[in-house]
Amino acid sequence: MAYNQEEQEQLDLVKAWWDQYGKLVLLVVIAALLTFAAFQGWGYYRHQQSIAAVTLYVQLEQAQRSNEAKKVRDVAAEIAGKYASTPYAAMANLAAARAAYSTGEFAEAKTRLQWVIDNGRQDEMRHVARLRLAGILLDEKRYDAALTLLESKSAGAFSALFANLKGDILVAQGRPAEARSAYQFAYDKSGPDSPYRNLIQAKLDALGDAK
């Protein structure tokens, strides 16, 4: 195929550019393809992880319905061990903590709840874990540790529940004025349809004009 002089000059420029930058272009293209493949592979991996985790979680729920506390704890341990990056790990540990508590395994219950607090990826899960762990610490009369758990500045929708439990702890410590303040905050934060509202009001009434 014949080229005129202008076309030959353009072709020579392209060849020169390719000689200088061709390898770099190929490397960039290969890197982009590898990145895309890795992203797709990671997405597939995470999808497979979620499927495996939810399959185990179904088994956990079945064990819950059958009151098989040990199986609940065993399955939860497997989910947390193999699929900690999925939301099912926190859900499973919350269920396992309840199962452990029901059978008097309080140390395990606390360990499971602490795992959710430290590793849970959703604020709601961590808040639930804090509330339950603080409740256990209240039962153990470890009041200061329980209060520390409830010192959350971003409890959001859980603010009323945090304040209510804080009031219970303060009452147990013999600090009625502070307890009343906590209960009042809980009452003000709870919605008119909240099932806890009447209970909080009863606690306020019981304290009277605490000083």
# chains A, B, ... in the order shown; residues from 1 in each chain; ligands from 1
$ residues_around --residues "stretch 90-103 of chain A" --least-positions-apart "6" --cutoff "12 Å" --atoms "only C-alpha atoms" --output "compact mmCIF listing (two decimals) with N, CA and C atoms, in the first residue's frame"
# COMPACT_ATOMS: atom_id res chain seq x y z
N ALA A 53 -22.49 -17.17 54.94
CA ALA A 53 -22.84 -16.68 56.27
C ALA A 53 -24.34 -16.76 56.53
N VAL A 54 -25.14 -16.39 55.55
CA VAL A 54 -26.58 -16.42 55.75
C VAL A 54 -27.08 -17.86 55.86
N THR A 55 -26.43 -18.78 55.17
CA THR A 55 -26.79 -20.19 55.28
C THR A 55 -26.58 -20.69 56.70
N LEU A 56 -25.46 -20.32 57.29
CA LEU A 56 -25.20 -20.69 58.67
C LEU A 56 -26.16 -19.98 59.63
N TYR A 57 -26.46 -18.72 59.31
CA TYR A 57 -27.34 -17.96 60.21
C TYR A 57 -28.75 -18.57 60.25
N VAL A 58 -29.19 -19.11 59.13
CA VAL A 58 -30.47 -19.81 59.11
C VAL A 58 -30.43 -20.99 60.09
N GLN A 59 -29.31 -21.71 60.10
CA GLN A 59 -29.15 -22.81 61.04
C GLN A 59 -29.20 -22.32 62.48
N LEU A 60 -28.58 -21.16 62.72
CA LEU A 60 -28.58 -20.57 64.06
C LEU A 60 -30.01 -20.24 64.49
N GLU A 61 -30.78 -19.64 63.60
CA GLU A 61 -32.17 -19.29 63.93
C GLU A 61 -32.99 -20.53 64.24
N GLN A 62 -32.76 -21.60 63.49
CA GLN A 62 -33.46 -22.85 63.75
C GLN A 62 -33.09 -23.39 65.14
N ALA A 63 -31.83 -23.28 65.50
CA ALA A 63 -31.38 -23.72 66.82
C ALA A 63 -32.00 -22.85 67.91
N GLN A 64 -32.16 -21.55 67.63
CA GLN A 64 -32.82 -20.67 68.59
C GLN A 64 -34.25 -21.11 68.85
N ARG A 65 -34.97 -21.41 67.77
CA ARG A 65 -36.37 -21.81 67.91
C ARG A 65 -36.50 -23.15 68.65
N SER A 66 -35.46 -23.96 68.54
CA SER A 66 -35.48 -25.26 69.22
C SER A 66 -34.85 -25.18 70.62
N ASN A 67 -34.49 -23.97 71.04
CA ASN A 67 -33.85 -23.76 72.35
C ASN A 67 -32.58 -24.57 72.51
N GLU A 68 -31.81 -24.70 71.43
CA GLU A 68 -30.54 -25.40 71.47
C GLU A 68 -29.44 -24.38 71.68
N ALA A 69 -29.24 -23.99 72.94
CA ALA A 69 -28.32 -22.90 73.25
C ALA A 69 -26.89 -23.22 72.80
N LYS A 70 -26.43 -24.43 73.02
CA LYS A 70 -25.05 -24.77 72.64
C LYS A 70 -24.86 -24.68 71.13
N LYS A 71 -25.83 -25.16 70.38
CA LYS A 71 -25.72 -25.09 68.92
C LYS A 71 -25.71 -23.64 68.45
N VAL A 72 -26.52 -22.81 69.07
CA VAL A 72 -26.53 -21.38 68.73
C VAL A 72 -25.12 -20.81 68.91
N ARG A 73 -24.51 -21.13 70.03
CA ARG A 73 -23.17 -20.60 70.32
C ARG A 73 -22.13 -21.17 69.37
N ASP A 74 -22.25 -22.44 69.04
CA ASP A 74 -21.28 -23.06 68.14
C ASP A 74 -21.37 -22.48 66.72
N VAL A 75 -22.60 -22.32 66.25
CA VAL A 75 -22.78 -21.78 64.89
C VAL A 75 -22.32 -20.32 64.85
N ALA A 76 -22.62 -19.59 65.91
CA ALA A 76 -22.19 -18.19 65.97
C ALA A 76 -20.67 -18.08 65.93
N ALA A 77 -20.00 -18.99 66.63
CA ALA A 77 -18.54 -18.98 66.63
C ALA A 77 -18.00 -19.24 65.23
N GLU A 78 -18.66 -20.13 64.49
CA GLU A 78 -18.23 -20.42 63.13
C GLU A 78 -18.43 -19.22 62.22
N ILE A 79 -19.57 -18.56 62.36
CA ILE A 79 -19.83 -17.38 61.53
C ILE A 79 -18.82 -16.28 61.83
N ALA A 80 -18.59 -16.02 63.13
CA ALA A 80 -17.64 -14.96 63.50
C ALA A 80 -16.22 -15.30 63.08
N GLY A 81 -15.89 -16.60 63.11
CA GLY A 81 -14.54 -17.01 62.75
C GLY A 81 -14.27 -16.97 61.27
N TYR A 83 -16.59 -15.58 58.77
CA TYR A 83 -17.26 -14.53 57.99
C TYR A 83 -17.44 -13.25 58.81
N ALA A 84 -16.37 -12.89 59.50
CA ALA A 84 -16.42 -11.72 60.38
C ALA A 84 -16.73 -10.43 59.63
N ALA A 109 -21.09 -14.71 77.59
CA ALA A 109 -22.04 -13.70 77.10
C ALA A 109 -21.35 -12.34 76.98
N LYS A 110 -20.56 -12.00 77.99
CA LYS A 110 -19.86 -10.72 77.96
C LYS A 110 -18.82 -10.67 76.85
N THR A 111 -18.13 -11.80 76.64
CA THR A 111 -17.13 -11.85 75.57
C THR A 111 -17.78 -11.65 74.20
N ARG A 112 -18.92 -12.30 74.00
CA ARG A 112 -19.63 -12.17 72.71
C ARG A 112 -20.08 -10.73 72.48
N LEU A 113 -20.61 -10.11 73.53
CA LEU A 113 -21.10 -8.74 73.40
C LEU A 113 -19.94 -7.78 73.15
N GLN A 114 -18.82 -8.02 73.81
CA GLN A 114 -17.65 -7.17 73.60
C GLN A 114 -17.15 -7.30 72.17
N TRP A 115 -17.25 -8.51 71.61
CA TRP A 115 -16.85 -8.71 70.21
C TRP A 115 -17.68 -7.81 69.29
N VAL A 116 -18.97 -7.75 69.54
CA VAL A 116 -19.84 -6.92 68.70
C VAL A 116 -19.48 -5.45 68.85
N ILE A 117 -19.22 -5.03 70.08
CA ILE A 117 -18.84 -3.63 70.33
C ILE A 117 -17.55 -3.28 69.58
N ASP A 118 -16.60 -4.19 69.60
CA ASP A 118 -15.29 -3.94 68.99
C ASP A 118 -15.28 -4.14 67.47
N ASN A 119 -16.12 -5.06 66.97
CA ASN A 119 -16.01 -5.46 65.57
C ASN A 119 -17.26 -5.24 64.73
N GLY A 120 -18.38 -4.94 65.38
CA GLY A 120 -19.62 -4.75 64.63
C GLY A 120 -19.50 -3.60 63.65
N ARG A 121 -20.04 -3.80 62.45
CA ARG A 121 -19.92 -2.79 61.40
C ARG A 121 -21.11 -1.84 61.35
N GLN A 122 -22.14 -2.13 62.13
CA GLN A 122 -23.33 -1.28 62.13
C GLN A 122 -23.52 -0.69 63.53
N ASP A 123 -23.77 0.62 63.58
CA ASP A 123 -23.94 1.29 64.87
C ASP A 123 -25.05 0.65 65.69
N GLU A 124 -26.14 0.27 65.04
CA GLU A 124 -27.27 -0.31 65.77
C GLU A 124 -26.86 -1.56 66.53
N MET A 125 -26.07 -2.42 65.88
CA MET A 125 -25.61 -3.65 66.53
C MET A 125 -24.73 -3.32 67.73
N ARG A 126 -23.84 -2.36 67.56
CA ARG A 126 -22.95 -1.99 68.67
C ARG A 126 -23.72 -1.40 69.83
N HIS A 127 -24.75 -0.61 69.54
CA HIS A 127 -25.57 -0.02 70.61
C HIS A 127 -26.31 -1.11 71.38
N VAL A 128 -26.87 -2.07 70.66
CA VAL A 128 -27.57 -3.17 71.34
C VAL A 128 -26.60 -3.93 72.24
N ALA A 129 -25.40 -4.18 71.74
CA ALA A 129 -24.40 -4.90 72.52
C ALA A 129 -24.03 -4.10 73.78
N ARG A 130 -23.87 -2.80 73.65
CA ARG A 130 -23.54 -1.97 74.81
C ARG A 130 -24.63 -2.04 75.87
N LEU A 131 -25.87 -1.94 75.43
CA LEU A 131 -26.98 -2.00 76.37
C LEU A 131 -27.01 -3.32 77.11
N ARG A 132 -26.85 -4.42 76.38
CA ARG A 132 -26.92 -5.74 77.01
C ARG A 132 -25.74 -5.98 77.94
N LEU A 133 -24.55 -5.55 77.51
CA LEU A 133 -23.38 -5.74 78.36
C LEU A 133 -23.48 -4.87 79.61
N GLY A 135 -26.19 -4.03 81.07
CA GLY A 135 -27.18 -4.69 81.93
C GLY A 135 -26.56 -5.81 82.74
N ILE A 136 -25.67 -6.58 82.12
CA ILE A 136 -25.00 -7.65 82.85
C ILE A 136 -24.08 -7.07 83.92
N ASP A 139 -26.03 -6.11 86.88
CA ASP A 139 -26.34 -7.27 87.72
C ASP A 139 -25.14 -7.68 88.58
$ select_by_dssp --residues "stretch 118-174 of chain A" --states "alpha helix (DSSP H)" --output "compact mmCIF listing (two decimals) with C-alpha atoms, in the first residue's frame"
# COMPACT_ATOMS: atom_id res chain seq x y z
CA ASP A 118 -15.29 -3.94 68.99
CA ASN A 119 -16.01 -5.46 65.57
CA ASP A 123 -23.94 1.29 64.87
CA GLU A 124 -27.27 -0.31 65.77
CA MET A 125 -25.61 -3.65 66.53
CA ARG A 126 -22.95 -1.99 68.67
CA HIS A 127 -25.57 -0.02 70.61
CA VAL A 128 -27.57 -3.17 71.34
CA ALA A 129 -24.40 -4.90 72.52
CA ARG A 130 -23.54 -1.97 74.81
CA LEU A 131 -26.98 -2.00 76.37
CA ARG A 132 -26.92 -5.74 77.01
CA LEU A 133 -23.38 -5.74 78.36
CA ALA A 134 -24.13 -2.78 80.63
CA GLY A 135 -27.18 -4.69 81.93
CA ILE A 136 -25.00 -7.65 82.85
CA LEU A 137 -22.47 -5.37 84.55
CA LEU A 138 -25.34 -3.81 86.51
CA ASP A 139 -26.34 -7.27 87.72
CA TYR A 143 -21.64 0.15 88.22
CA ASP A 144 -18.79 2.35 87.00
CA ALA A 145 -17.94 -0.03 84.16
CA ALA A 146 -21.60 -0.15 83.16
CA LEU A 147 -21.87 3.65 83.13
CA THR A 148 -18.73 3.93 81.01
CA LEU A 149 -20.33 1.71 78.37
CA LEU A 150 -23.33 3.99 78.20
CA SER A 159 -30.60 7.56 73.45
CA ALA A 160 -33.73 6.91 75.52
CA LEU A 161 -32.75 3.31 76.23
CA PHE A 162 -29.22 4.34 77.20
CA ALA A 163 -30.53 7.01 79.56
CA ASN A 164 -33.12 4.67 81.09
CA LEU A 165 -30.48 2.06 81.91
CA LYS A 166 -28.16 4.78 83.17
CA GLY A 167 -30.96 5.81 85.55
CA ASP A 168 -31.23 2.22 86.83
CA ILE A 169 -27.50 2.13 87.51
CA LEU A 170 -27.56 5.46 89.31
CA VAL A 171 -30.45 4.28 91.49
CA ALA A 172 -28.44 1.18 92.39
$ atom_distance --atom1 "atom CA of A:Ala89" --atom2 "atom CA of A:Phe158"
21.2 Å
$ closest_residue --among "A:Gly156, A:Ala177, A:Lys141, A:Pro87" --to "A:Leu207" --atoms "only C-alpha atoms"
A:Ala177
$ atom_distance --atom1 "atom CA of A:Phe185" --atom2 "atom CA of A:Gln173"
18.5 Å
$ atom_distance --atom1 "atom CA of A:Pro176" --atom2 "atom CA of A:Asp188"
18.0 Å
$ residues_around --residues "A:Ile200" --least-positions-apart "4" --cutoff "7 Å" --atoms "only C-alpha atoms" --output "PyMOL selection string"
chain A and resi 183+187+196+204
$ write_last_selection --atoms "C-alpha atoms" --output "short mmCIF file (atom, residue, chain, number, x, y, z; two decimals), in the first residue's frame"
data_model
loop_
_atom_site.label_atom_id
_atom_site.label_comp_id
_atom_site.auth_asym_id
_atom_site.auth_seq_id
_atom_site.Cartn_x
_atom_site.Cartn_y
_atom_site.Cartn_z
CA TYR A 183 -34.98 9.11 83.57
CA TYR A 187 -38.77 10.11 78.95
CA TYR A 196 -41.08 2.11 77.63
CA LEU A 204 -39.85 9.03 87.86
#
$ decode --residues "stretch 77-96 of chain A" --atoms "C-alpha atoms" --output "tab-separated table (two decimals), in the first residue's frame"
chain	number	residue	atom	x	y	z
A	77	ALA	CA	-18.54	-18.98	66.63
A	78	GLU	CA	-18.23	-20.42	63.13
A	79	ILE	CA	-19.83	-17.38	61.53
A	80	ALA	CA	-17.64	-14.96	63.50
A	81	GLY	CA	-14.54	-17.01	62.75
A	82	LYS	CA	-15.06	-17.45	59.02
A	83	TYR	CA	-17.26	-14.53	57.99
A	84	ALA	CA	-16.42	-11.72	60.38
A	85	SER	CA	-16.67	-9.16	57.56
A	86	THR	CA	-20.38	-9.85	57.06
A	87	PRO	CA	-23.15	-8.28	59.18
A	88	TYR	CA	-24.25	-11.78	60.17
A	89	ALA	CA	-21.23	-12.11	62.46
A	90	ALA	CA	-22.50	-9.39	64.80
A	91	MET	CA	-26.06	-10.70	64.64
A	92	ALA	CA	-24.83	-14.20	65.43
A	93	ASN	CA	-22.78	-13.05	68.40
A	94	LEU	CA	-25.73	-11.13	69.82
A	95	ALA	CA	-27.80	-14.31	69.60
A	96	ALA	CA	-24.98	-16.35	71.11
